[in-house]
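K.L.:
To start, I am sharing the structure in question, which I have written as structure tokens.
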Amino acid sequence: MAATRLDGKACAADLEERLKTRISKCHSQPHLAVIIVGDDPASHVYVNNKIRSCERLGIKSTHISLPEDVNQEVVAKHIREMNSDDELHGILIQSPLPQNLDEESLTELIDPKKDVDGFHPINLGRLVQGRADGMVPCTPLGVMEMLSWAGVDLSGKKAVVIGRSFNVGMPQALLLAAKGADATVTIVHSRTKDAKSECLTADIVVAAVGRPEMVKSNWIKPGAIVIDVGINRVDDSSRERGWRLAGDVDPKVEDVASLLSPVPGGVGPMTVAMLMANTVRAAESQHS
């Protein structure tokens, strides 16, 4: 039997309905500011998706678009002004930034309470400590929400996370292993000797490595749950536009897995939905 589709759009819609109730009870309208630098088309698509989500939920959004050649201090000045604005609850810097900007330093300038991306060292440190009072990166948090929504019991299960990035792979592993989730987690990365063998032992595989269709059906044990975080643009002459979107997981994995998140329509919508959830949470905590 083909794997059941783990529908990120449906999960995101369900979360949005719950957020509307919380937004209606907020002391003031939740307010998210997004800084985007340059003219990268994909980045502008992502930002527009976030703006539309804000409009749908009744979250105020501010969109600051800066030129490609903007200097570090100008961006820093915007962040400092936002930190001091009590009516603004969330700040996001759209990645990637031009090479002339130091994204790490700019992220560290954001007030941790307004760091709705969850990338500030203080928030990542809280995650390592197992604390629940910090902001958590949106994509791994979205994966956890999807698994909960699908009724997946993680306790005692073997989970493999492919990828060790600070914004997805590492926080994903921490969330899966945290008290309350209680999975046993292995991280697979570029130096892992036999990634296929590691994946074959897993009840849950989360692929977040950025390599199109790397995870093959013979990597997955029958009945495993597979979450595909990757979204890659690959050439495809059969398509009118000459390309298609592909995940990190080969589509044939659906013949082996019990649950599989699609690309597109899986983790992507959940990442945006969790950004909205983090913004609402920031508004609640700043006015509690």
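Starting from 1 in every chain, residues are counted up; chains themselves are A, B, ... following the order of the structure tokens, and ligands are numbered from 1 as listed.
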Arg191 of chain A: which residues within 12 Å, counting only C-alpha atoms, same-chain residues fewer than 6 positions away excluded, as a PyMOL selection string?

P.N.:
chain A and resi 162-164

K.L.:
Name the residues in contact with Leu275 of chain A at a cut-off of 8 Å, using only C-alpha atoms, excluding same-chain residues fewer than 6 positions from it; report them as a list in words.

P.N.:
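Once the nearby chain positions are removed, what remains is Val116, Asp117 and Cys138 of chain A.
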
K.L.:
With only C-alpha atoms as the counted atoms, please give the residues lying no more than 12 Å from segment 103-111 of chain A, apart from itself and same-chain residues fewer than 5 positions off, as a ChimeraX atom specification.

P.N.:
/A:33,35-37,71-86,88-98,116-124,134-135,166-167,282,286

K.L.:
In segment 5-223 of chain A, what's strand (DSSP E or B) per DSSP? Answer as a PyMOL selection string?

P.N.:
chain A and resi 5+31-37+60-66+90-93+115+158-162+184-188+204-207+215

K.L.:
Point out the residue among A:Ala159, A:Val206, A:Leu200, A:Ala10 with the least atom-to-atom distance to Thr184 of chain A, counting only C-alpha atoms.

P.N.:
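For Thr184 of chain A, the nearest of the candidates is A:Ala159.
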
K.L.:
Run DSSP on the backbone and tell me which residues of segment 52-249 of chain A come out as alpha helix (DSSP H); list them as a PyMOL selection string.

P.N.:
chain A and resi 52-57+72-83+103-109+121-128+138-149+169-177+195-200

K.L.:
Can you write just those residues out, C-alpha atoms, as an mmCIF file, in the first residue's frame?

P.N.:
data_model
loop_
_atom_site.group_PDB
_atom_site.id
_atom_site.type_symbol
_atom_site.label_atom_id
_atom_site.label_comp_id
_atom_site.auth_asym_id
_atom_site.auth_seq_id
_atom_site.Cartn_x
_atom_site.Cartn_y
_atom_site.Cartn_z
ATOM 1 C CA ARG A 52 -0.650 36.735 3.197
ATOM 2 C CA SER A 53 -0.710 34.500 6.267
ATOM 3 C CA CYS A 54 -0.616 37.584 8.501
ATOM 4 C CA GLU A 55 -3.519 39.128 6.595
ATOM 5 C CA ARG A 56 -5.544 35.908 6.855
ATOM 6 C CA LEU A 57 -5.065 35.707 10.618
ATOM 7 C CA GLN A 72 25.530 46.302 7.916
ATOM 8 C CA GLU A 73 24.896 49.327 10.121
ATOM 9 C CA VAL A 74 21.726 50.336 8.255
ATOM 10 C CA VAL A 75 20.221 46.886 8.820
ATOM 11 C CA ALA A 76 21.403 46.944 12.432
ATOM 12 C CA LYS A 77 19.730 50.335 12.947
ATOM 13 C CA HIS A 78 16.395 48.929 11.746
ATOM 14 C CA ILE A 79 16.716 46.017 14.178
ATOM 15 C CA ARG A 80 17.518 48.275 17.143
ATOM 16 C CA GLU A 81 14.519 50.477 16.372
ATOM 17 C CA MET A 82 12.279 47.418 16.208
ATOM 18 C CA ASN A 83 13.634 46.092 19.500
ATOM 19 C CA GLU A 103 23.767 37.403 9.170
ATOM 20 C CA GLU A 104 24.951 35.862 12.417
ATOM 21 C CA SER A 105 25.803 39.236 13.958
ATOM 22 C CA LEU A 106 22.508 40.739 12.815
ATOM 23 C CA THR A 107 20.549 37.825 14.282
ATOM 24 C CA GLU A 108 22.293 38.331 17.620
ATOM 25 C CA LEU A 109 21.061 41.943 17.673
ATOM 26 C CA PRO A 121 21.927 31.958 20.534
ATOM 27 C CA ILE A 122 19.893 32.500 23.707
ATOM 28 C CA ASN A 123 16.872 30.739 22.209
ATOM 29 C CA LEU A 124 18.950 27.895 20.773
ATOM 30 C CA GLY A 125 20.661 27.573 24.144
ATOM 31 C CA ARG A 126 17.329 27.275 25.925
ATOM 32 C CA LEU A 127 16.378 24.521 23.497
ATOM 33 C CA VAL A 128 19.570 22.622 24.379
ATOM 34 C CA CYS A 138 9.887 27.230 12.810
ATOM 35 C CA THR A 139 10.677 24.296 10.525
ATOM 36 C CA PRO A 140 11.562 21.700 13.197
ATOM 37 C CA LEU A 141 8.711 22.987 15.348
ATOM 38 C CA GLY A 142 6.413 22.522 12.339
ATOM 39 C CA VAL A 143 7.589 18.930 11.945
ATOM 40 C CA MET A 144 6.715 18.243 15.591
ATOM 41 C CA GLU A 145 3.281 19.819 15.101
ATOM 42 C CA MET A 146 2.656 17.638 12.029
ATOM 43 C CA LEU A 147 3.614 14.467 13.880
ATOM 44 C CA SER A 148 1.359 15.391 16.807
ATOM 45 C CA TRP A 149 -1.509 16.281 14.439
ATOM 46 C CA GLY A 169 18.761 19.407 11.749
ATOM 47 C CA MET A 170 20.205 20.019 15.219
ATOM 48 C CA PRO A 171 17.077 21.603 16.757
ATOM 49 C CA GLN A 172 14.994 18.827 15.156
ATOM 50 C CA ALA A 173 17.084 16.205 16.903
ATOM 51 C CA LEU A 174 16.758 18.040 20.221
ATOM 52 C CA LEU A 175 12.972 18.316 19.902
ATOM 53 C CA LEU A 176 12.563 14.640 19.044
ATOM 54 C CA ALA A 177 14.719 13.607 22.020
ATOM 55 C CA ALA A 195 23.739 6.633 6.040
ATOM 56 C CA LYS A 196 21.545 4.004 4.395
ATOM 57 C CA SER A 197 22.086 1.475 7.217
ATOM 58 C CA GLU A 198 21.310 4.106 9.847
ATOM 59 C CA CYS A 199 18.050 5.033 8.120
ATOM 60 C CA LEU A 200 17.010 1.390 7.785
#

K.L.:
So the first atom is atom CA of Thr271 of chain A and the second is atom CA of Asp133 of chain A; what is the distance between them in Å, to one decimal place?

P.N.:
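Between atom CA of Thr271 of chain A and atom CA of Asp133 of chain A the gap is 19.5 Å.
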
K.L.:
Between A:Ala208, A:Cys26, A:Val47, A:Trp219, which has the minimum distance to Asp194 of chain A (counting only C-alpha atoms)?

P.N.:
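Looking only at the distances to Asp194 of chain A, the closest residue turns out to be A:Trp219.
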
K.L.:
In terms of the shortest atom-to-atom distance over only C-alpha atoms, which of A:Glu16, A:Asp153, A:Asp7, A:Asp40 is closest to Gly266 of chain A?

P.N.:
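Among the listed residues, A:Asp7 lies closest to Gly266 of chain A.
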
K.L.:
Looking at only C-alpha atoms, which of A:Gly265, A:Lys114, A:Asp228, A:Val256 is the one that sits closest to Val168 of chain A?

P.N.:
A:Asp228

K.L.:
With a distance cut-off of 12 Å and only C-alpha atoms, select the neighbouring residues of Gly58 of chain A, excluding the residue or stretch itself and same-chain residues fewer than 2 positions from it, and output the selection as a PyMOL selection string.

P.N.:
chain A and resi 16-17+19-24+26+28-32+51-56+60-61+276+279-280

K.L.:
How about saving the chosen residues, C-alpha atoms kept, as an mmCIF file, in the first residue's frame?

P.N.:
data_model
loop_
_atom_site.group_PDB
_atom_site.id
_atom_site.type_symbol
_atom_site.label_atom_id
_atom_site.label_comp_id
_atom_site.auth_asym_id
_atom_site.auth_seq_id
_atom_site.Cartn_x
_atom_site.Cartn_y
_atom_site.Cartn_z
ATOM 1 C CA GLU A 16 -4.479 28.714 12.026
ATOM 2 C CA GLU A 17 -8.008 28.153 13.329
ATOM 3 C CA LEU A 19 -4.424 30.727 16.493
ATOM 4 C CA LYS A 20 -7.423 32.915 15.616
ATOM 5 C CA THR A 21 -8.908 32.253 19.066
ATOM 6 C CA ARG A 22 -5.640 33.193 20.765
ATOM 7 C CA ILE A 23 -5.233 36.317 18.624
ATOM 8 C CA SER A 24 -8.701 37.491 19.614
ATOM 9 C CA CYS A 26 -4.306 39.231 22.800
ATOM 10 C CA SER A 28 -2.825 44.162 21.384
ATOM 11 C CA GLN A 29 -2.743 43.018 17.766
ATOM 12 C CA PRO A 30 0.255 40.731 17.158
ATOM 13 C CA HIS A 31 2.751 42.504 14.911
ATOM 14 C CA LEU A 32 5.461 40.863 12.779
ATOM 15 C CA ILE A 51 2.406 38.570 4.544
ATOM 16 C CA ARG A 52 -0.650 36.735 3.197
ATOM 17 C CA SER A 53 -0.710 34.500 6.267
ATOM 18 C CA CYS A 54 -0.616 37.584 8.501
ATOM 19 C CA GLU A 55 -3.519 39.128 6.595
ATOM 20 C CA ARG A 56 -5.544 35.908 6.855
ATOM 21 C CA LYS A 60 -0.195 43.154 11.571
ATOM 22 C CA SER A 61 2.814 42.920 9.266
ATOM 23 C CA MET A 276 2.590 32.838 12.851
ATOM 24 C CA THR A 279 4.504 35.685 16.569
ATOM 25 C CA VAL A 280 1.311 35.123 18.551
#
